[in-house]
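Student: Structure in structure tokens, see below.
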Amino acid sequence: MRIIAGTARNRRLQAPAGLTTRPTAQRARQTLFDMLMHAPWFGREALENAVVLDAFAGTGALGLEALSRGARFATFMEGSRPGIAALQANLRSCGMTDRARLRHCDVTRPPKAPHPHTLIFLDPPYHKGLVQKGLRALWRLGWIADGALIVAETESAPLPAEGKEPEDPFQPFHAHLLPSLSAPPPPLLTQRSFGAATLHVWRQDDSVRGSRPSP
């Protein structure tokens with residue numbers, strides 16, 4: 001696995017041993033950053049001014065790709081010690097230690113943010129509802145700027161459970177609203193599937209206000 005473009009182009013990334021990390025596929029990462037660089041809803045200037053949060057970072061491939069392409073700063077959150085060690089090695093290898101900070105923490109129980117972030121990547125293990133849990137926790141603790149671009153990778157197909165109702169397909173949501181509050185979901189800017197993985201991109205909008213559903 002390598003950085004695709006920018007100042008660290010072709011730099012190989014170290015992955016932690018074991019099955020706890022599932023890096024975003026190279027093809028999906030290429031497509032995502034092509035969109036971020038050229039889409040009318042983001043673009044090169046926005047990427048170069050971005051303050052990035054790579055949650056469930058694993059190897060850090062998403063945040064490192066953003067830094068390589070000019071992002072101002074990135075925070076990496078990772079819960080495993082092998083993941084943190086791999087992230088430290090990758091930051092040193094890419095020469096980006098001065099533009100990044102590592103947080104060894106559970107994304108669903110993060111510390112209070114020192115400042116909000118404008119580009120949020122979430123690529124957690126599948127079938128555990130971690131995008132929803134992580135994003136709401138990150139918003140409550142100040143990690144997500146109003147208007148931040150959110151990129152979430154989820155499973156393409158819900159996991160069938162014997163004797164239970166099938167999982168609902170993932171749908172973007174307003175991180176600042178409780179699940180019990182009703183509001184239209186934020187409009188998807190784009191959604192792309194790559195085999196077992198689907199990328200969803202939308203904006204956080206704190207101005208949306210929900211109302212409790214009628215009994």
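Naming scheme: A, B, ... for chains in displayed order of the structure tokens; residues 1 onward per chain; ligands 1 onward as shown.
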Determine which residues of stretch 14-213 of chain A receive a DSSP assignment of strand (DSSP E or B), computed from the backbone, and state them as a PyMOL selection string.
Tutor: chain A and resi 51-55+73-78+100-104+117-122+144-155+182+190-194+197-203+211
Student: Limited to C-alpha atoms, could you put the picked residues into a file as a PDB file, in the first residue's frame?
Tutor:
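Listing of part.pdb after writing:
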```
ATOM      1  CA  VAL A  51      -7.813  20.454   8.910  1.00  0.00           C
ATOM      2  CA  VAL A  52      -8.257  16.689   8.686  1.00  0.00           C
ATOM      3  CA  LEU A  53      -9.486  14.136  11.205  1.00  0.00           C
ATOM      4  CA  ASP A  54      -8.719  10.522  10.267  1.00  0.00           C
ATOM      5  CA  ALA A  55     -10.839   8.543  12.731  1.00  0.00           C
ATOM      6  CA  PHE A  73      -2.891  19.529   9.415  1.00  0.00           C
ATOM      7  CA  ALA A  74      -4.248  16.110  10.381  1.00  0.00           C
ATOM      8  CA  THR A  75      -5.242  14.359  13.582  1.00  0.00           C
ATOM      9  CA  PHE A  76      -5.178  10.556  13.577  1.00  0.00           C
ATOM     10  CA  MET A  77      -7.299   8.567  16.037  1.00  0.00           C
ATOM     11  CA  GLU A  78      -6.513   4.901  16.538  1.00  0.00           C
ATOM     12  CA  ALA A 100       0.084  15.768  12.427  1.00  0.00           C
ATOM     13  CA  ARG A 101      -0.966  14.598  15.866  1.00  0.00           C
ATOM     14  CA  LEU A 102      -1.743  11.065  17.026  1.00  0.00           C
ATOM     15  CA  ARG A 103      -4.500  10.280  19.507  1.00  0.00           C
ATOM     16  CA  HIS A 104      -4.497   6.799  21.049  1.00  0.00           C
ATOM     17  CA  HIS A 117     -11.739  19.819  11.929  1.00  0.00           C
ATOM     18  CA  THR A 118     -13.090  20.521   8.459  1.00  0.00           C
ATOM     19  CA  LEU A 119     -12.535  17.195   6.661  1.00  0.00           C
ATOM     20  CA  ILE A 120     -13.555  14.039   8.515  1.00  0.00           C
ATOM     21  CA  PHE A 121     -12.665  10.503   7.425  1.00  0.00           C
ATOM     22  CA  LEU A 122     -14.355   7.537   9.134  1.00  0.00           C
ATOM     23  CA  ILE A 144     -16.367  18.471  13.789  1.00  0.00           C
ATOM     24  CA  ALA A 145     -16.678  21.983  12.378  1.00  0.00           C
ATOM     25  CA  ASP A 146     -20.045  23.203  11.171  1.00  0.00           C
ATOM     26  CA  GLY A 147     -19.985  22.660   7.408  1.00  0.00           C
ATOM     27  CA  ALA A 148     -17.283  19.981   7.647  1.00  0.00           C
ATOM     28  CA  LEU A 149     -17.115  17.502   4.801  1.00  0.00           C
ATOM     29  CA  ILE A 150     -17.701  13.976   6.099  1.00  0.00           C
ATOM     30  CA  VAL A 151     -16.457  10.881   4.265  1.00  0.00           C
ATOM     31  CA  ALA A 152     -17.651   7.569   5.712  1.00  0.00           C
ATOM     32  CA  GLU A 153     -16.844   4.086   4.468  1.00  0.00           C
ATOM     33  CA  THR A 154     -19.380   1.389   5.310  1.00  0.00           C
ATOM     34  CA  GLU A 155     -20.272  -2.107   4.218  1.00  0.00           C
ATOM     35  CA  SER A 182     -36.596  13.590  13.269  1.00  0.00           C
ATOM     36  CA  THR A 190     -21.732  11.517  -3.724  1.00  0.00           C
ATOM     37  CA  GLN A 191     -21.876   7.812  -3.015  1.00  0.00           C
ATOM     38  CA  ARG A 192     -19.630   5.205  -4.638  1.00  0.00           C
ATOM     39  CA  SER A 193     -19.433   1.438  -4.135  1.00  0.00           C
ATOM     40  CA  PHE A 194     -16.298  -0.670  -4.494  1.00  0.00           C
ATOM     41  CA  ALA A 197     -17.269  -1.126   0.555  1.00  0.00           C
ATOM     42  CA  THR A 198     -19.333   2.001  -0.082  1.00  0.00           C
ATOM     43  CA  LEU A 199     -18.142   5.586   0.342  1.00  0.00           C
ATOM     44  CA  HIS A 200     -20.687   8.220   1.440  1.00  0.00           C
ATOM     45  CA  VAL A 201     -19.895  11.952   1.350  1.00  0.00           C
ATOM     46  CA  TRP A 202     -21.999  14.721   2.895  1.00  0.00           C
ATOM     47  CA  ARG A 203     -21.708  17.942   4.910  1.00  0.00           C
ATOM     48  CA  SER A 211     -38.350  17.949  16.109  1.00  0.00           C
TER      49      SER A 211
END
```
Student: Which value, in Å to one decimal, gives the distance between atom CA of A:Ala66 and atom CA of A:Ile84?
Tutor: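 According to the coordinates, atom CA of A:Ala66 and atom CA of A:Ile84 are separated by 18.4 Å.
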Student: Residues near A:Leu141, anyone? I mean within 9 Å using only C-alpha atoms, not counting same-chain ones fewer than 3 positions away, as number ranges by chain.
Tutor: A: 110-113, 136-138, 144
Student: May I have the selected residues written with N, CA, C and O atoms, as an mmCIF file, in the first residue's frame?
Tutor:
```cif
data_model
loop_
_atom_site.group_PDB
_atom_site.id
_atom_site.type_symbol
_atom_site.label_atom_id
_atom_site.label_comp_id
_atom_site.auth_asym_id
_atom_site.auth_seq_id
_atom_site.Cartn_x
_atom_site.Cartn_y
_atom_site.Cartn_z
ATOM 1 N N PRO A 110 -13.918 9.941 22.569
ATOM 2 C CA PRO A 110 -12.732 10.757 22.325
ATOM 3 C C PRO A 110 -12.525 11.796 23.417
ATOM 4 O O PRO A 110 -13.458 12.139 24.151
ATOM 5 N N PRO A 111 -11.320 12.341 23.517
ATOM 6 C CA PRO A 111 -11.102 13.481 24.403
ATOM 7 C C PRO A 111 -11.721 14.742 23.796
ATOM 8 O O PRO A 111 -12.149 14.739 22.632
ATOM 9 N N LYS A 112 -11.756 15.797 24.568
ATOM 10 C CA LYS A 112 -12.249 17.070 24.051
ATOM 11 C C LYS A 112 -11.293 17.590 22.980
ATOM 12 O O LYS A 112 -10.073 17.512 23.120
ATOM 13 N N ALA A 113 -11.853 18.124 21.906
ATOM 14 C CA ALA A 113 -11.032 18.584 20.783
ATOM 15 C C ALA A 113 -10.327 19.894 21.108
ATOM 16 O O ALA A 113 -10.929 20.793 21.702
ATOM 17 N N ARG A 136 -21.217 10.928 16.264
ATOM 18 C CA ARG A 136 -21.955 11.676 17.295
ATOM 19 C C ARG A 136 -21.047 12.037 18.471
ATOM 20 O O ARG A 136 -21.125 13.144 19.012
ATOM 21 N N ALA A 137 -20.175 11.099 18.860
ATOM 22 C CA ALA A 137 -19.240 11.390 19.957
ATOM 23 C C ALA A 137 -18.262 12.492 19.545
ATOM 24 O O ALA A 137 -17.968 13.398 20.340
ATOM 25 N N LEU A 138 -17.782 12.448 18.340
ATOM 26 C CA LEU A 138 -16.835 13.458 17.864
ATOM 27 C C LEU A 138 -17.497 14.830 17.806
ATOM 28 O O LEU A 138 -16.879 15.847 18.164
ATOM 29 N N ILE A 144 -15.809 18.277 15.127
ATOM 30 C CA ILE A 144 -16.367 18.471 13.789
ATOM 31 C C ILE A 144 -16.845 19.903 13.623
ATOM 32 O O ILE A 144 -17.734 20.373 14.343
#
```
Student: Have a look at atom CA of A:Leu91 and atom CA of A:Gly79 and let me know their distance in Å, one decimal.
Tutor: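 Here the two named atoms are 16.9 Å from each other.
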Student: Give me every alpha helix (DSSP H) residue in stretch 88-169 of chain A, going by DSSP on the backbone, as a ChimeraX atom specification.
Tutor: /A:88-94,130-140
Student: Choose the residue, out of A:Leu189, A:Ile4, A:Pro82, A:Pro116, that has the smallest atom-to-atom separation from A:Ala39; count only C-alpha atoms.
Tutor: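 For A:Ala39, the nearest of the given residues is A:Leu189.
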Student: Taking only C-alpha atoms into account, name the residue in A:Gly70, A:Pro124, A:Gly195, A:Pro16 that is nearest to A:Ala85.
Tutor: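 Looking at the shortest contact to A:Ala85, the residue is A:Pro16.
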Student: Residues at most 6 Å from A:Gly134, counting only C-alpha atoms, excluding those fewer than 3 positions away in the same chain, as a list in words?
Tutor: Val107, Thr108, Leu130, Val131 and Ala137 of chain A
Student: Return the single residue from A:Ala71, A:Asp205, A:Phe33, A:Arg2 that is closest to A:Asn49, with distances computed using only C-alpha atoms.
Tutor: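 Closest to A:Asn49 of all the choices is A:Ala71.
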Student: Could you tell me how far atom CA of A:Pro172 sits from atom CA of A:Leu188, in Å to one decimal place?
Tutor: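 Distance reported for this atom pair: 7.2 Å.
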Student: If we count only C-alpha atoms and set the cut-off at 9 Å, which residues sit around A:Pro185, ignoring sequence neighbours fewer than 4 positions away in its own chain? Please answer as a PyMOL selection string.
Tutor: chain A and resi 171-174
Student: Measuring atom to atom with only C-alpha atoms, identify which of A:Ala46, A:Ala157, A:Ala8, A:Ala61 is nearest to A:Gln26.
Tutor: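 The answer is A:Ala61, which sits nearest to A:Gln26.
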